[in-house]
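S.K.: Input structure: protein.pdb, which contains PDB, C-alpha atoms.
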ATOM      1  CA  GLY A   1       9.225 -10.816  10.884  1.00  0.00           C
ATOM      2  CA  ASP A   2       6.409 -13.322  10.338  1.00  0.00           C
ATOM      3  CA  PRO A   3       6.995 -16.869  11.581  1.00  0.00           C
ATOM      4  CA  PRO A   4       8.030 -19.485   9.005  1.00  0.00           C
ATOM      5  CA  GLY A   5       5.058 -21.101   7.329  1.00  0.00           C
ATOM      6  CA  LYS A   6       2.708 -18.163   7.794  1.00  0.00           C
ATOM      7  CA  PRO A   7       0.786 -17.701   4.537  1.00  0.00           C
ATOM      8  CA  PRO A   8       1.360 -14.519   2.528  1.00  0.00           C
ATOM      9  CA  ALA A   9      -1.355 -11.943   2.012  1.00  0.00           C
ATOM     10  CA  VAL A  10      -3.401 -12.630  -1.110  1.00  0.00           C
ATOM     11  CA  PHE A  11      -5.481  -9.929  -2.811  1.00  0.00           C
ATOM     12  CA  ALA A  12      -8.533 -10.071  -5.073  1.00  0.00           C
ATOM     13  CA  PRO A  13      -9.577  -7.141  -7.284  1.00  0.00           C
ATOM     14  CA  LEU A  14     -12.897  -5.452  -6.614  1.00  0.00           C
ATOM     15  CA  PRO A  15     -14.831  -5.682  -9.878  1.00  0.00           C
ATOM     16  CA  ASP A  16     -16.402  -2.237  -9.620  1.00  0.00           C
ATOM     17  CA  GLN A  17     -13.335  -0.294  -8.441  1.00  0.00           C
ATOM     18  CA  PRO A  18     -10.127  -0.188 -10.472  1.00  0.00           C
ATOM     19  CA  ASP A  19      -6.971  -0.112  -8.351  1.00  0.00           C
ATOM     20  CA  VAL A  20      -8.756  -1.419  -5.232  1.00  0.00           C
ATOM     21  CA  PHE A  21      -8.190  -4.953  -3.933  1.00  0.00           C
ATOM     22  CA  ARG A  22      -9.472  -6.848  -0.897  1.00  0.00           C
ATOM     23  CA  THR A  23      -7.183  -9.050   1.202  1.00  0.00           C
ATOM     24  CA  VAL A  24      -8.711 -12.534   0.953  1.00  0.00           C
ATOM     25  CA  SER A  25      -6.179 -14.535   2.975  1.00  0.00           C
ATOM     26  CA  GLY A  26      -3.085 -14.118   5.095  1.00  0.00           C
ATOM     27  CA  ARG A  27      -2.350 -10.990   7.083  1.00  0.00           C
ATOM     28  CA  GLU A  28      -5.054  -8.271   7.323  1.00  0.00           C
ATOM     29  CA  VAL A  29      -7.872 -10.418   5.862  1.00  0.00           C
ATOM     30  CA  GLY A  30     -10.778  -8.257   4.731  1.00  0.00           C
ATOM     31  CA  GLU A  31      -8.780  -5.028   4.512  1.00  0.00           C
ATOM     32  CA  LEU A  32      -8.484  -3.002   1.324  1.00  0.00           C
ATOM     33  CA  LEU A  33      -5.373  -2.284  -0.721  1.00  0.00           C
ATOM     34  CA  ARG A  34      -5.722   0.979  -2.682  1.00  0.00           C
ATOM     35  CA  LEU A  35      -3.298   2.016  -5.416  1.00  0.00           C
ATOM     36  CA  SER A  36      -2.572   5.692  -6.151  1.00  0.00           C
ATOM     37  CA  ARG A  37      -1.239   6.594  -9.590  1.00  0.00           C
ATOM     38  CA  ASP A  38       0.519   9.660 -10.955  1.00  0.00           C
ATOM     39  CA  GLU A  39      -0.519  11.515 -14.111  1.00  0.00           C
ATOM     40  CA  ARG A  40       1.287   8.900 -16.261  1.00  0.00           C
ATOM     41  CA  GLY A  41      -0.609   6.033 -14.643  1.00  0.00           C
ATOM     42  CA  VAL A  42       2.398   4.732 -12.684  1.00  0.00           C
ATOM     43  CA  VAL A  43       1.618   3.391  -9.194  1.00  0.00           C
ATOM     44  CA  VAL A  44       3.329   5.742  -6.760  1.00  0.00           C
ATOM     45  CA  ARG A  45       1.751   4.746  -3.470  1.00  0.00           C
ATOM     46  CA  MET A  46      -0.245   1.923  -1.925  1.00  0.00           C
ATOM     47  CA  HIS A  47      -2.485   2.084   1.141  1.00  0.00           C
ATOM     48  CA  TRP A  48      -3.185  -1.260   2.791  1.00  0.00           C
ATOM     49  CA  ALA A  49      -5.366  -1.330   5.888  1.00  0.00           C
ATOM     50  CA  THR A  50      -4.686   2.440   6.121  1.00  0.00           C
ATOM     51  CA  TYR A  51      -0.884   1.918   6.133  1.00  0.00           C
ATOM     52  CA  ARG A  52       0.950   3.808   3.400  1.00  0.00           C
ATOM     53  CA  PHE A  53       3.551   1.952   1.336  1.00  0.00           C
ATOM     54  CA  THR A  54       6.014   3.522  -1.080  1.00  0.00           C
ATOM     55  CA  ARG A  55       9.350   2.554  -2.581  1.00  0.00           C
ATOM     56  CA  ASP A  56      10.891   5.502  -0.695  1.00  0.00           C
ATOM     57  CA  GLN A  57      11.019   5.753   3.071  1.00  0.00           C
ATOM     58  CA  GLU A  58       8.557   8.394   4.306  1.00  0.00           C
ATOM     59  CA  THR A  59       6.864   9.343   7.546  1.00  0.00           C
ATOM     60  CA  PHE A  60       3.231  10.385   7.937  1.00  0.00           C
ATOM     61  CA  ASP A  61       4.311  14.036   7.642  1.00  0.00           C
ATOM     62  CA  ARG A  62       6.171  13.205   4.370  1.00  0.00           C
ATOM     63  CA  PHE A  63       9.669  13.770   5.779  1.00  0.00           C
ATOM     64  CA  ASP A  64      12.151  12.838   3.034  1.00  0.00           C
ATOM     65  CA  PHE A  65      15.002  10.950   4.706  1.00  0.00           C
ATOM     66  CA  ARG A  66      17.256  11.239   1.655  1.00  0.00           C
ATOM     67  CA  ALA A  67      16.957  15.024   1.437  1.00  0.00           C
ATOM     68  CA  GLY A  68      16.850  15.550   5.192  1.00  0.00           C
ATOM     69  CA  ASN A  69      13.686  17.640   5.039  1.00  0.00           C
TER      70      ASN A  69
END
Here is a file; write its structure as structure tokens.
M.R.:
Amino acid sequence: GDPPGKPPAVFAPLPDQPDVFRTVSGREVGELLRLSRDERGVVVRMHWATYRFTRDQETFDRFDFRAGN
């Protein structure tokens, strides 16, 4: 939904915090991107500027649209 020509968000790692990045340009400049990993080390969730991102559609109350619960 961004207008053509708007620069993408670019992230830089924080040297003292693994899996935490700061937005250095584009949308949400200055906000943090935090990665959450499962027990195998696979990224399962990302929080950017407090918004939660996953590969599966979820709501804040974790409603699973595929299972209907």
S.K.: Can you tell me which residues surround Met46 (chain A) at a distance of at most 7 Å, considering all atoms listed in the file, apart from same-chain residues fewer than 5 positions away, and format the answer as an NGL selection string?
M.R.: :A and (33-36 or 52-54)
S.K.: At a cut-off of 12 Å, using all atoms listed in the file, what residues contact region 21-29 of chain A? Leave out same-chain residues fewer than 5 positions from it and give the result as a list in words.
M.R.: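 Here the answer would be Asp2, Pro3, Gly5, Lys6, Pro7, Pro8, Ala9, Val10, Phe11, Ala12, Pro13, Leu14, Pro15, Asp16, Arg34, Leu35, Met46, His47, Trp48, Ala49, Thr50 and Tyr51 of chain A.
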S.K.: Using only C-alpha atoms, find the one residue out of A:Arg45, A:Gly30, A:Pro4, A:Arg37 that sits nearest to Pro18 (chain A).
M.R.: A:Arg37
S.K.: How would region 2-24 of chain A read, as a PDB file, keeping the file's coordinate frame, once N, CA, C and O atoms are built in?
M.R.:
ATOM      1  N   ASP A   2       7.433 -12.309  10.117  1.00  0.00           N
ATOM      2  CA  ASP A   2       6.409 -13.322  10.338  1.00  0.00           C
ATOM      3  C   ASP A   2       7.068 -14.677  10.560  1.00  0.00           C
ATOM      4  O   ASP A   2       8.126 -14.954  10.016  1.00  0.00           O
ATOM      5  N   PRO A   3       6.424 -15.542  11.354  1.00  0.00           N
ATOM      6  CA  PRO A   3       6.995 -16.869  11.581  1.00  0.00           C
ATOM      7  C   PRO A   3       7.018 -17.695  10.299  1.00  0.00           C
ATOM      8  O   PRO A   3       6.183 -17.486   9.414  1.00  0.00           O
ATOM      9  N   PRO A   4       7.974 -18.619  10.195  1.00  0.00           N
ATOM     10  CA  PRO A   4       8.030 -19.485   9.005  1.00  0.00           C
ATOM     11  C   PRO A   4       6.706 -20.233   8.837  1.00  0.00           C
ATOM     12  O   PRO A   4       6.087 -20.643   9.805  1.00  0.00           O
ATOM     13  N   GLY A   5       6.283 -20.373   7.600  1.00  0.00           N
ATOM     14  CA  GLY A   5       5.058 -21.101   7.329  1.00  0.00           C
ATOM     15  C   GLY A   5       3.798 -20.259   7.368  1.00  0.00           C
ATOM     16  O   GLY A   5       2.733 -20.749   7.013  1.00  0.00           O
ATOM     17  N   LYS A   6       3.899 -19.011   7.789  1.00  0.00           N
ATOM     18  CA  LYS A   6       2.708 -18.163   7.794  1.00  0.00           C
ATOM     19  C   LYS A   6       2.379 -17.791   6.351  1.00  0.00           C
ATOM     20  O   LYS A   6       3.248 -17.352   5.611  1.00  0.00           O
ATOM     21  N   PRO A   7       1.119 -17.961   5.940  1.00  0.00           N
ATOM     22  CA  PRO A   7       0.786 -17.701   4.537  1.00  0.00           C
ATOM     23  C   PRO A   7       0.901 -16.220   4.195  1.00  0.00           C
ATOM     24  O   PRO A   7       0.660 -15.353   5.038  1.00  0.00           O
ATOM     25  N   PRO A   8       1.268 -15.919   2.954  1.00  0.00           N
ATOM     26  CA  PRO A   8       1.360 -14.519   2.528  1.00  0.00           C
ATOM     27  C   PRO A   8      -0.032 -13.925   2.345  1.00  0.00           C
ATOM     28  O   PRO A   8      -1.018 -14.662   2.225  1.00  0.00           O
ATOM     29  N   ALA A   9      -0.088 -12.610   2.319  1.00  0.00           N
ATOM     30  CA  ALA A   9      -1.355 -11.943   2.012  1.00  0.00           C
ATOM     31  C   ALA A   9      -1.672 -12.153   0.535  1.00  0.00           C
ATOM     32  O   ALA A   9      -0.797 -12.078  -0.320  1.00  0.00           O
ATOM     33  N   VAL A  10      -2.925 -12.436   0.255  1.00  0.00           N
ATOM     34  CA  VAL A  10      -3.401 -12.630  -1.110  1.00  0.00           C
ATOM     35  C   VAL A  10      -4.529 -11.629  -1.339  1.00  0.00           C
ATOM     36  O   VAL A  10      -5.394 -11.460  -0.483  1.00  0.00           O
ATOM     37  N   PHE A  11      -4.518 -10.979  -2.505  1.00  0.00           N
ATOM     38  CA  PHE A  11      -5.481  -9.929  -2.811  1.00  0.00           C
ATOM     39  C   PHE A  11      -6.356 -10.315  -3.992  1.00  0.00           C
ATOM     40  O   PHE A  11      -5.890 -10.971  -4.920  1.00  0.00           O
ATOM     41  N   ALA A  12      -7.607  -9.876  -3.962  1.00  0.00           N
ATOM     42  CA  ALA A  12      -8.533 -10.071  -5.073  1.00  0.00           C
ATOM     43  C   ALA A  12      -9.046  -8.702  -5.505  1.00  0.00           C
ATOM     44  O   ALA A  12      -9.404  -7.875  -4.659  1.00  0.00           O
ATOM     45  N   PRO A  13      -9.090  -8.447  -6.817  1.00  0.00           N
ATOM     46  CA  PRO A  13      -9.577  -7.141  -7.284  1.00  0.00           C
ATOM     47  C   PRO A  13     -11.068  -6.991  -7.003  1.00  0.00           C
ATOM     48  O   PRO A  13     -11.822  -7.953  -7.019  1.00  0.00           O
ATOM     49  N   LEU A  14     -11.470  -5.747  -6.739  1.00  0.00           N
ATOM     50  CA  LEU A  14     -12.897  -5.452  -6.614  1.00  0.00           C
ATOM     51  C   LEU A  14     -13.402  -5.120  -8.022  1.00  0.00           C
ATOM     52  O   LEU A  14     -12.855  -4.242  -8.690  1.00  0.00           O
ATOM     53  N   PRO A  15     -14.416  -5.826  -8.483  1.00  0.00           N
ATOM     54  CA  PRO A  15     -14.831  -5.682  -9.878  1.00  0.00           C
ATOM     55  C   PRO A  15     -15.318  -4.289 -10.252  1.00  0.00           C
ATOM     56  O   PRO A  15     -15.210  -3.884 -11.397  1.00  0.00           O
ATOM     57  N   ASP A  16     -15.834  -3.545  -9.309  1.00  0.00           N
ATOM     58  CA  ASP A  16     -16.402  -2.237  -9.620  1.00  0.00           C
ATOM     59  C   ASP A  16     -15.484  -1.067  -9.287  1.00  0.00           C
ATOM     60  O   ASP A  16     -15.874   0.092  -9.429  1.00  0.00           O
ATOM     61  N   GLN A  17     -14.249  -1.356  -8.832  1.00  0.00           N
ATOM     62  CA  GLN A  17     -13.335  -0.294  -8.441  1.00  0.00           C
ATOM     63  C   GLN A  17     -11.921  -0.597  -8.940  1.00  0.00           C
ATOM     64  O   GLN A  17     -11.214  -1.396  -8.324  1.00  0.00           O
ATOM     65  N   PRO A  18     -11.498   0.051 -10.017  1.00  0.00           N
ATOM     66  CA  PRO A  18     -10.127  -0.188 -10.472  1.00  0.00           C
ATOM     67  C   PRO A  18      -9.129   0.277  -9.412  1.00  0.00           C
ATOM     68  O   PRO A  18      -9.388   1.238  -8.698  1.00  0.00           O
ATOM     69  N   ASP A  19      -8.049  -0.439  -9.290  1.00  0.00           N
ATOM     70  CA  ASP A  19      -6.971  -0.112  -8.351  1.00  0.00           C
ATOM     71  C   ASP A  19      -7.351  -0.291  -6.889  1.00  0.00           C
ATOM     72  O   ASP A  19      -6.718   0.271  -6.000  1.00  0.00           O
ATOM     73  N   VAL A  20      -8.398  -1.081  -6.615  1.00  0.00           N
ATOM     74  CA  VAL A  20      -8.756  -1.419  -5.232  1.00  0.00           C
ATOM     75  C   VAL A  20      -8.874  -2.938  -5.150  1.00  0.00           C
ATOM     76  O   VAL A  20      -9.530  -3.570  -5.976  1.00  0.00           O
ATOM     77  N   PHE A  21      -8.216  -3.509  -4.132  1.00  0.00           N
ATOM     78  CA  PHE A  21      -8.190  -4.953  -3.933  1.00  0.00           C
ATOM     79  C   PHE A  21      -8.548  -5.260  -2.485  1.00  0.00           C
ATOM     80  O   PHE A  21      -8.245  -4.472  -1.587  1.00  0.00           O
ATOM     81  N   ARG A  22      -9.168  -6.412  -2.258  1.00  0.00           N
ATOM     82  CA  ARG A  22      -9.472  -6.848  -0.897  1.00  0.00           C
ATOM     83  C   ARG A  22      -8.537  -7.992  -0.533  1.00  0.00           C
ATOM     84  O   ARG A  22      -8.293  -8.885  -1.345  1.00  0.00           O
ATOM     85  N   THR A  23      -8.025  -7.969   0.700  1.00  0.00           N
ATOM     86  CA  THR A  23      -7.183  -9.050   1.202  1.00  0.00           C
ATOM     87  C   THR A  23      -8.091 -10.248   1.490  1.00  0.00           C
ATOM     88  O   THR A  23      -9.015 -10.145   2.291  1.00  0.00           O
ATOM     89  N   VAL A  24      -7.841 -11.368   0.814  1.00  0.00           N
ATOM     90  CA  VAL A  24      -8.711 -12.534   0.953  1.00  0.00           C
ATOM     91  C   VAL A  24      -8.098 -13.638   1.812  1.00  0.00           C
ATOM     92  O   VAL A  24      -8.812 -14.547   2.247  1.00  0.00           O
TER      93      VAL A  24
END
